[in-house]
Structures are given as C-alpha cells and as structure tokens.
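Okay, structure first, notes after.
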Amino acid sequence: MKNLLMTTALTISLAAPVFAAGEHEAGHGDMKMDKHAAMMVGMPGDASKVDRTIDVTLLENDEGQMLIESEDLSFKKGETVRFKVANKGEIEHEFVLDTVERNAEHKEEMMEMAGMDMKHSDPNRLILDAGASAEVVWTFTNDGTYEAACLIPGHYESGMHREVSVGK
C-alpha cells in the first residue's frame, strides 16, 4: 500500500506540468494583455478604427496542401486591419500573426502538446473548427516581414503559412 501511495504521488507530481500546459493562456507563458502591446508584429486593433478588411480562407486541397488564401498581405505601418477568417476546410485550422521566429517556437510547443485540448486566448491567434469563422482586428506597429500561419502539427509543413509585409 505504501508503494502504491508513493507511486501515485510521484505520477501526479510529474503529470502536473502537462495539465498546466494544456491551456494557451496568453501565449504559453505569463504574458498578459499589456505585453501584447510590445509584440513585434503589432498589437490588438480598435474595431472602430479599421482601415481595411481582408478575407482569409483556411483550407486543405486534394493534393494534401493546407493553405491560407487571401489577397496580398502587405500593410502600412500603423494600419489597422480586420481579418475575417473562415475555415472552409474539413478539419480544424489555426490563424496566427507573429514573427517567423515566434511562430517557429510556438510550432515546437504545439508539437510537444499534440493531442491535448488546447485553448488560445491570444488576440493575434485563433483556432477554428471546420466551417467556423471569426475575426482578428490587428494594428501593425512595426515595419518588417512577419507571418500568418497555422501551427497545428503538420499543417505548417503542408504549406499553411504566408508572408506578411509591413512597410511605410
């Protein structure tokens, strides 16, 4: 009985970080809304001050590619954009705006947590079930080259990423 209790206690203590990691509250860490303002790609935008609306379609095709389709993703510094994102595929997809480096880091975290029920509450990302749609309102505050991507394991590798360019 003593061994059973010790084994159970050890198992619970080792599993606790896994359960804690299951929720993407503000980007896997302790990043709260105030830190989103410091993101390189920009910050959440004011829906009443949108300069432009971009329709974005997430889908997979018969050749096995997973795609993010939209018009050109080039913006001016300071521009506020409403991304109307629709998942027209048959499986769940994600839409993330971030730097290429941060997307690569998040993609690795997603691989490590594959199979877990993850929730995102970041203003620069959303996960959509097949047939669902949602919006991201974003203000681009810095010049540079960024990325729109789906970081669900295997989706990025199947082509689900696009360059986002921000200039003057």
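Just remember, in the structure tokens the first chain shown is A, the second B, etc., residues are 1-based per chain, and ligands are 1-based in the order shown.
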If you run DSSP on the backbone here, which positions in segment 35-156 of chain A get strand (DSSP E)? Please write them as a PyMOL selection string.
chain A and resi 43-44+52-60+66-69+74-76+80-87+93-98+119-120+125-128+133-139+144-149
Serialized selection, C-alpha atoms, as a compact mmCIF listing (two decimals), in the first residue's frame:
# COMPACT_ATOMS: atom_id res chain seq x y z
CA MET A 43 -1.00 44.91 -31.19
CA PRO A 44 -4.74 44.31 -31.00
CA ARG A 52 -9.13 47.74 -44.31
CA THR A 53 -10.79 44.32 -44.19
CA ILE A 54 -9.06 41.21 -45.52
CA ASP A 55 -10.98 37.97 -46.17
CA VAL A 56 -8.86 34.95 -45.26
CA THR A 57 -9.73 31.35 -46.11
CA LEU A 58 -8.15 28.36 -44.38
CA LEU A 59 -8.46 25.06 -46.24
CA GLU A 60 -6.83 21.88 -47.44
CA MET A 66 -3.03 23.16 -46.47
CA LEU A 67 -3.46 26.77 -47.48
CA ILE A 68 -4.09 30.27 -46.24
CA GLU A 69 -5.76 32.10 -49.12
CA SER A 74 1.15 43.87 -47.37
CA PHE A 75 0.31 46.65 -44.94
CA LYS A 76 1.44 50.11 -43.93
CA THR A 80 -5.47 48.59 -38.56
CA VAL A 81 -6.81 45.53 -40.37
CA ARG A 82 -9.85 43.35 -39.78
CA PHE A 83 -9.04 39.77 -40.80
CA LYS A 84 -12.29 37.92 -41.50
CA VAL A 85 -11.07 34.33 -41.21
CA ALA A 86 -13.16 31.41 -42.46
CA ASN A 87 -12.19 27.75 -42.17
CA HIS A 93 -7.11 25.09 -38.54
CA GLU A 94 -5.36 27.96 -36.76
CA PHE A 95 -4.64 31.54 -37.85
CA VAL A 96 -1.66 33.21 -36.15
CA LEU A 97 0.00 36.57 -36.86
CA ASP A 98 3.53 36.77 -35.47
CA LYS A 119 -7.34 26.81 -25.86
CA HIS A 120 -5.94 30.06 -27.17
CA ARG A 125 -4.40 33.94 -32.99
CA LEU A 126 -7.49 31.81 -33.20
CA ILE A 127 -8.37 28.17 -33.79
CA LEU A 128 -11.37 27.42 -35.97
CA SER A 133 -15.33 31.78 -38.90
CA ALA A 134 -14.06 34.59 -36.66
CA GLU A 135 -12.23 37.90 -36.81
CA VAL A 136 -8.89 39.27 -35.71
CA VAL A 137 -8.51 43.07 -35.61
CA TRP A 138 -4.85 44.00 -35.66
CA THR A 139 -2.74 47.16 -35.82
CA GLY A 144 9.19 44.22 -41.13
CA THR A 145 8.41 40.81 -42.52
CA TYR A 146 6.09 38.66 -40.42
CA GLU A 147 3.98 35.58 -40.94
CA ALA A 148 0.41 34.35 -40.94
CA ALA A 149 0.42 30.63 -40.19
Shortest interatomic distance to Glu90 of chain A - which of A:Asn61, A:Asn103, A:Asn124, A:Ser48, counting only C-alpha atoms
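Checking each of A:Asn61, A:Asn103, A:Asn124, A:Ser48 against Glu90 of chain A, counting only C-alpha atoms, the winner is A:Asn61.
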Would you compute the distance between atom CA of His106 of chain A and atom CA of Ala47 of chain A? Give it in Å to one decimal.
26.5 Å
Record the distance separating atom CA of Arg102 of chain A and atom CA of Asp72 of chain A, expressed in Å with one decimal.
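Atom CA of Asp72 of chain A lies at a distance of 21.7 Å from atom CA of Arg102 of chain A.
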Hey, what's within 9 Å of Met111 of chain A if we count only C-alpha atoms and toss same-chain stuff fewer than 6 positions away? As a PyMOL selection string, please?
chain A and resi 151-154
N, CA and C atoms of the current selection, written as a PDB file, in the first residue's frame:
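Okay, again32.pdb is ready:
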ATOM      1  N   LEU A 151      -0.273  26.613 -36.959  1.00  0.00           N
ATOM      2  CA  LEU A 151       0.792  25.912 -36.250  1.00  0.00           C
ATOM      3  C   LEU A 151       0.341  24.576 -35.664  1.00  0.00           C
ATOM      4  N   ILE A 152      -0.829  24.106 -36.053  1.00  0.00           N
ATOM      5  CA  ILE A 152      -1.265  22.772 -35.653  1.00  0.00           C
ATOM      6  C   ILE A 152      -0.277  21.787 -36.286  1.00  0.00           C
ATOM      7  N   PRO A 153       0.188  20.796 -35.523  1.00  0.00           N
ATOM      8  CA  PRO A 153       1.209  19.875 -36.045  1.00  0.00           C
ATOM      9  C   PRO A 153       0.882  19.337 -37.444  1.00  0.00           C
ATOM     10  N   GLY A 154       1.857  19.526 -38.350  1.00  0.00           N
ATOM     11  CA  GLY A 154       1.751  19.061 -39.729  1.00  0.00           C
ATOM     12  C   GLY A 154       1.168  20.065 -40.699  1.00  0.00           C
TER      13      GLY A 154
END
Please identify the alpha helix (DSSP H) residues within segment 35-136 of chain A (assignment by DSSP from backbone atoms) and present them as number ranges by chain.
A: 35-36, 100-112
Dump N, CA and C atoms for the selected residues as a PDB file, in the first residue's frame?
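Result file follows (again_36.pdb):
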ATOM      1  N   LYS A  35       1.523  43.020 -22.304  1.00  0.00           N
ATOM      2  CA  LYS A  35       2.726  42.651 -23.051  1.00  0.00           C
ATOM      3  C   LYS A  35       2.443  42.480 -24.537  1.00  0.00           C
ATOM      4  N   HIS A  36       1.161  42.262 -24.909  1.00  0.00           N
ATOM      5  CA  HIS A  36       0.838  42.146 -26.333  1.00  0.00           C
ATOM      6  C   HIS A  36       1.153  43.445 -27.068  1.00  0.00           C
ATOM      7  N   VAL A 100       8.294  35.191 -37.705  1.00  0.00           N
ATOM      8  CA  VAL A 100       8.647  33.845 -38.138  1.00  0.00           C
ATOM      9  C   VAL A 100       9.279  33.078 -36.975  1.00  0.00           C
ATOM     10  N   GLU A 101      10.127  33.755 -36.209  1.00  0.00           N
ATOM     11  CA  GLU A 101      10.823  33.099 -35.090  1.00  0.00           C
ATOM     12  C   GLU A 101       9.845  32.672 -33.990  1.00  0.00           C
ATOM     13  N   ARG A 102       8.933  33.554 -33.628  1.00  0.00           N
ATOM     14  CA  ARG A 102       7.958  33.201 -32.579  1.00  0.00           C
ATOM     15  C   ARG A 102       7.012  32.112 -33.055  1.00  0.00           C
ATOM     16  N   ASN A 103       6.650  32.139 -34.339  1.00  0.00           N
ATOM     17  CA  ASN A 103       5.815  31.063 -34.869  1.00  0.00           C
ATOM     18  C   ASN A 103       6.552  29.729 -34.813  1.00  0.00           C
ATOM     19  N   ALA A 104       7.855  29.737 -35.119  1.00  0.00           N
ATOM     20  CA  ALA A 104       8.641  28.503 -35.050  1.00  0.00           C
ATOM     21  C   ALA A 104       8.676  27.968 -33.619  1.00  0.00           C
ATOM     22  N   GLU A 105       8.850  28.859 -32.644  1.00  0.00           N
ATOM     23  CA  GLU A 105       8.854  28.443 -31.236  1.00  0.00           C
ATOM     24  C   GLU A 105       7.497  27.867 -30.834  1.00  0.00           C
ATOM     25  N   HIS A 106       6.435  28.555 -31.229  1.00  0.00           N
ATOM     26  CA  HIS A 106       5.093  28.091 -30.874  1.00  0.00           C
ATOM     27  C   HIS A 106       4.770  26.770 -31.569  1.00  0.00           C
ATOM     28  N   LYS A 107       5.248  26.610 -32.796  1.00  0.00           N
ATOM     29  CA  LYS A 107       5.021  25.363 -33.531  1.00  0.00           C
ATOM     30  C   LYS A 107       5.643  24.190 -32.783  1.00  0.00           C
ATOM     31  N   GLU A 108       6.845  24.386 -32.233  1.00  0.00           N
ATOM     32  CA  GLU A 108       7.504  23.332 -31.446  1.00  0.00           C
ATOM     33  C   GLU A 108       6.694  23.005 -30.196  1.00  0.00           C
ATOM     34  N   GLU A 109       6.173  24.035 -29.535  1.00  0.00           N
ATOM     35  CA  GLU A 109       5.346  23.810 -28.347  1.00  0.00           C
ATOM     36  C   GLU A 109       4.085  23.040 -28.706  1.00  0.00           C
ATOM     37  N   MET A 110       3.495  23.368 -29.854  1.00  0.00           N
ATOM     38  CA  MET A 110       2.298  22.660 -30.312  1.00  0.00           C
ATOM     39  C   MET A 110       2.612  21.186 -30.577  1.00  0.00           C
ATOM     40  N   MET A 111       3.787  20.902 -31.136  1.00  0.00           N
ATOM     41  CA  MET A 111       4.180  19.515 -31.389  1.00  0.00           C
ATOM     42  C   MET A 111       4.294  18.748 -30.081  1.00  0.00           C
ATOM     43  N   GLU A 112       4.870  19.391 -29.072  1.00  0.00           N
ATOM     44  CA  GLU A 112       5.045  18.746 -27.773  1.00  0.00           C
ATOM     45  C   GLU A 112       3.706  18.477 -27.090  1.00  0.00           C
TER      46      GLU A 112
END
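Shortest atom-to-atom contact with Glu63 of chain A among A:Gly131, A:Gly159, A:Gly42, A:Gly78: A:Gly159, counting only C-alpha atoms.
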